[in-house]
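Notes for the one structure printed next.
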Amino acid sequence: MPATTPLPRSRGGRAAVRAARSPRRRRTIALCAAIALCAPMLTGCGDTLQDKPIPHNLLETMILAPFPVYWLGERFGKLSITEASHDVSGAFSLQYGDCLQGGQGTCTPPLRIVTSPDNSFLPAGDTHSEASPVRGVQALLTSAGRTIAIPTGGVVVNIFATDAATARSAARGIAAINRPLSPGQPLPARLPDTGFGAAPLPSQLPTPGRPLG
């Protein structure tokens, strides 16, 4: 085993150690390590950041999220990411392709992937639904197969597509951007209710008052 050279006991060396231990440095290291996990799904993570289909601050939030965030890479077939958002409820949404109908706020894209950290229920509503196995877990199909809700681990991945074939193909290809999971691999089994939906949103938490005087 090769010998290691200790850091020099100089003022510059001590500054380097402090910098390496700073929270910002640790967060940067974690971000770079997590980005490396998505490399097999992309032509290169550098390309993703250069093309900027996802704002860098949102990409960082997705990668450092405390739960898996699912996507299909920067491109799915001929569809590229055209929009990414982080809902106040904690859910992450990725849109693939341009709006087929409507516009901002009412857009109907060819494909949308939504990861919700609230796994207390499946959003089937009153519509006709069909249970179907998807990569080892039981999913719920609605809208004639155009919508697929997949409870996996502590999240629910919702796939909204304009046709059932695209939805099925997306279900086979989703992977977590911040977890070591490749497309096609079995998905983690559904966990019991994590209680995320019962927790108050950040906007609902009281703001600490300033001391008087």
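Ligands are numbered from 1 in the order shown, chains are lettered A, B, ... in the order of the structure tokens, and residues start at 1 in each chain.
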
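Taking only C-alpha atoms, the non-local environment of range 136-139 of chain A within 7 Å (same-chain residues fewer than 2 positions away omitted) comprises Ala131, Ser132, Pro133, Val134, Leu141, Ile148, Ala149, Ile150, Pro151, Thr152, Pro186, Leu187 and Ala189 of chain A.
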
Deliver the residues from the most recent selection as a file, using N, CA and C atoms, as a compact mmCIF listing (two decimals), in the first residue's frame.
# COMPACT_ATOMS: atom_id res chain seq x y z
N ALA A 131 -55.19 -2.45 -11.98
CA ALA A 131 -53.91 -2.79 -11.35
C ALA A 131 -53.08 -3.60 -12.32
N SER A 132 -51.79 -3.29 -12.37
CA SER A 132 -50.91 -3.99 -13.29
C SER A 132 -49.49 -3.99 -12.74
N PRO A 133 -48.78 -5.12 -12.81
CA PRO A 133 -47.39 -5.15 -12.32
C PRO A 133 -46.47 -4.36 -13.25
N VAL A 134 -45.61 -3.56 -12.66
CA VAL A 134 -44.61 -2.80 -13.41
C VAL A 134 -43.28 -2.95 -12.69
N LEU A 141 -53.24 1.81 -13.34
CA LEU A 141 -53.40 2.41 -14.66
C LEU A 141 -54.79 3.05 -14.75
N ILE A 148 -50.15 6.29 -15.38
CA ILE A 148 -49.68 5.17 -14.56
C ILE A 148 -49.15 5.73 -13.25
N ALA A 149 -49.69 5.25 -12.13
CA ALA A 149 -49.21 5.61 -10.80
C ALA A 149 -48.44 4.43 -10.24
N ILE A 150 -47.17 4.66 -9.91
CA ILE A 150 -46.30 3.58 -9.45
C ILE A 150 -45.83 3.88 -8.04
N PRO A 151 -46.37 3.17 -7.03
CA PRO A 151 -45.85 3.33 -5.67
C PRO A 151 -44.58 2.51 -5.51
N THR A 152 -43.48 3.16 -5.23
CA THR A 152 -42.20 2.47 -5.08
C THR A 152 -41.40 3.13 -3.97
N PRO A 186 -35.65 -3.89 -11.37
CA PRO A 186 -36.83 -3.93 -10.49
C PRO A 186 -36.86 -2.70 -9.57
N LEU A 187 -38.05 -2.16 -9.38
CA LEU A 187 -38.21 -1.00 -8.52
C LEU A 187 -38.31 -1.45 -7.06
N ALA A 189 -39.75 -2.08 -3.43
CA ALA A 189 -41.11 -2.37 -2.98
C ALA A 189 -41.71 -1.16 -2.27

Exercise for review: Within 9 Å of Gln95 in chain A, counting only C-alpha atoms, which residues show up once you throw out same-chain ones fewer than 3 positions away? Write them as an MDAnalysis selection string, please.
Suggested key: chainID A and resid 80:85 98 109:114

Go ahead and write the residues just picked, C-alpha atoms, as an mmCIF file, in the first residue's frame.
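Done, and the output landed in selection_10.cif:
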data_model
loop_
_atom_site.group_PDB
_atom_site.id
_atom_site.type_symbol
_atom_site.label_atom_id
_atom_site.label_comp_id
_atom_site.auth_asym_id
_atom_site.auth_seq_id
_atom_site.Cartn_x
_atom_site.Cartn_y
_atom_site.Cartn_z
ATOM 1 C CA SER A 80 -36.267 16.374 -24.583
ATOM 2 C CA ILE A 81 -36.888 17.905 -21.179
ATOM 3 C CA THR A 82 -38.679 21.187 -21.762
ATOM 4 C CA GLU A 83 -39.684 22.070 -18.214
ATOM 5 C CA ALA A 84 -38.844 21.079 -14.643
ATOM 6 C CA SER A 85 -40.498 22.262 -11.450
ATOM 7 C CA ASP A 98 -43.527 20.779 -26.134
ATOM 8 C CA PRO A 109 -47.222 17.733 -23.041
ATOM 9 C CA PRO A 110 -46.564 14.354 -24.681
ATOM 10 C CA LEU A 111 -45.117 13.095 -21.417
ATOM 11 C CA ARG A 112 -44.770 14.214 -17.824
ATOM 12 C CA ILE A 113 -43.095 12.424 -14.897
ATOM 13 C CA VAL A 114 -44.089 13.491 -11.372
#

Point to revise | Residue set, range 48-183 of chain A restricted to strand (DSSP E), as a PyMOL selection string | key: chain A and resi 70-71+75-76+79-86+92-96+111-116+129-134+137-142+147-152+155-161+175-176

Generate the output file for the selected residues, C-alpha atoms, as an mmCIF file, in the first residue's frame.
data_model
loop_
_atom_site.group_PDB
_atom_site.id
_atom_site.type_symbol
_atom_site.label_atom_id
_atom_site.label_comp_id
_atom_site.auth_asym_id
_atom_site.auth_seq_id
_atom_site.Cartn_x
_atom_site.Cartn_y
_atom_site.Cartn_z
ATOM 1 C CA TYR A 70 -37.407 9.766 -11.002
ATOM 2 C CA TRP A 71 -36.754 10.848 -14.567
ATOM 3 C CA ARG A 75 -33.975 12.893 -23.497
ATOM 4 C CA PHE A 76 -36.556 10.145 -23.990
ATOM 5 C CA LEU A 79 -38.608 14.066 -26.503
ATOM 6 C CA SER A 80 -36.267 16.374 -24.583
ATOM 7 C CA ILE A 81 -36.888 17.905 -21.179
ATOM 8 C CA THR A 82 -38.679 21.187 -21.762
ATOM 9 C CA GLU A 83 -39.684 22.070 -18.214
ATOM 10 C CA ALA A 84 -38.844 21.079 -14.643
ATOM 11 C CA SER A 85 -40.498 22.262 -11.450
ATOM 12 C CA HIS A 86 -40.584 21.659 -7.702
ATOM 13 C CA PHE A 92 -40.866 17.139 -8.624
ATOM 14 C CA SER A 93 -42.266 17.355 -12.149
ATOM 15 C CA LEU A 94 -40.399 16.849 -15.429
ATOM 16 C CA GLN A 95 -42.023 17.614 -18.775
ATOM 17 C CA TYR A 96 -40.814 15.935 -21.965
ATOM 18 C CA LEU A 111 -45.117 13.095 -21.417
ATOM 19 C CA ARG A 112 -44.770 14.214 -17.824
ATOM 20 C CA ILE A 113 -43.095 12.424 -14.897
ATOM 21 C CA VAL A 114 -44.089 13.491 -11.372
ATOM 22 C CA THR A 115 -42.424 12.137 -8.230
ATOM 23 C CA SER A 116 -44.510 12.715 -5.099
ATOM 24 C CA SER A 129 -58.529 1.996 -12.858
ATOM 25 C CA GLU A 130 -56.662 -1.221 -13.493
ATOM 26 C CA ALA A 131 -53.915 -2.785 -11.347
ATOM 27 C CA SER A 132 -50.907 -3.991 -13.294
ATOM 28 C CA PRO A 133 -47.392 -5.148 -12.319
ATOM 29 C CA VAL A 134 -44.607 -2.798 -13.411
ATOM 30 C CA VAL A 137 -44.359 -3.470 -8.040
ATOM 31 C CA GLN A 138 -48.119 -3.101 -8.395
ATOM 32 C CA ALA A 139 -49.032 -0.006 -10.383
ATOM 33 C CA LEU A 140 -52.387 1.609 -11.073
ATOM 34 C CA LEU A 141 -53.405 2.411 -14.660
ATOM 35 C CA THR A 142 -56.099 4.992 -15.454
ATOM 36 C CA THR A 147 -51.708 7.530 -16.756
ATOM 37 C CA ILE A 148 -49.680 5.174 -14.562
ATOM 38 C CA ALA A 149 -49.212 5.613 -10.797
ATOM 39 C CA ILE A 150 -46.300 3.578 -9.455
ATOM 40 C CA PRO A 151 -45.854 3.330 -5.669
ATOM 41 C CA THR A 152 -42.200 2.465 -5.082
ATOM 42 C CA VAL A 155 -42.716 7.810 -3.160
ATOM 43 C CA VAL A 156 -45.346 7.585 -5.886
ATOM 44 C CA VAL A 157 -44.206 8.115 -9.470
ATOM 45 C CA ASN A 158 -46.993 9.382 -11.726
ATOM 46 C CA ILE A 159 -46.583 9.072 -15.484
ATOM 47 C CA PHE A 160 -48.894 11.147 -17.680
ATOM 48 C CA ALA A 161 -48.717 10.513 -21.416
ATOM 49 C CA ALA A 175 -34.711 5.700 -12.956
ATOM 50 C CA ALA A 176 -33.851 7.844 -9.952
#

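When only C-alpha atoms are used to measure the gap to Ala91 in chain A, the shortest distance among A:Phe196, A:Arg135, A:Gly77, A:Gln185 belongs to A:Phe196.
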
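Interatomic distance, CA of Val69 in chain A against CA of Asp87 in chain A: 12.8 Å.
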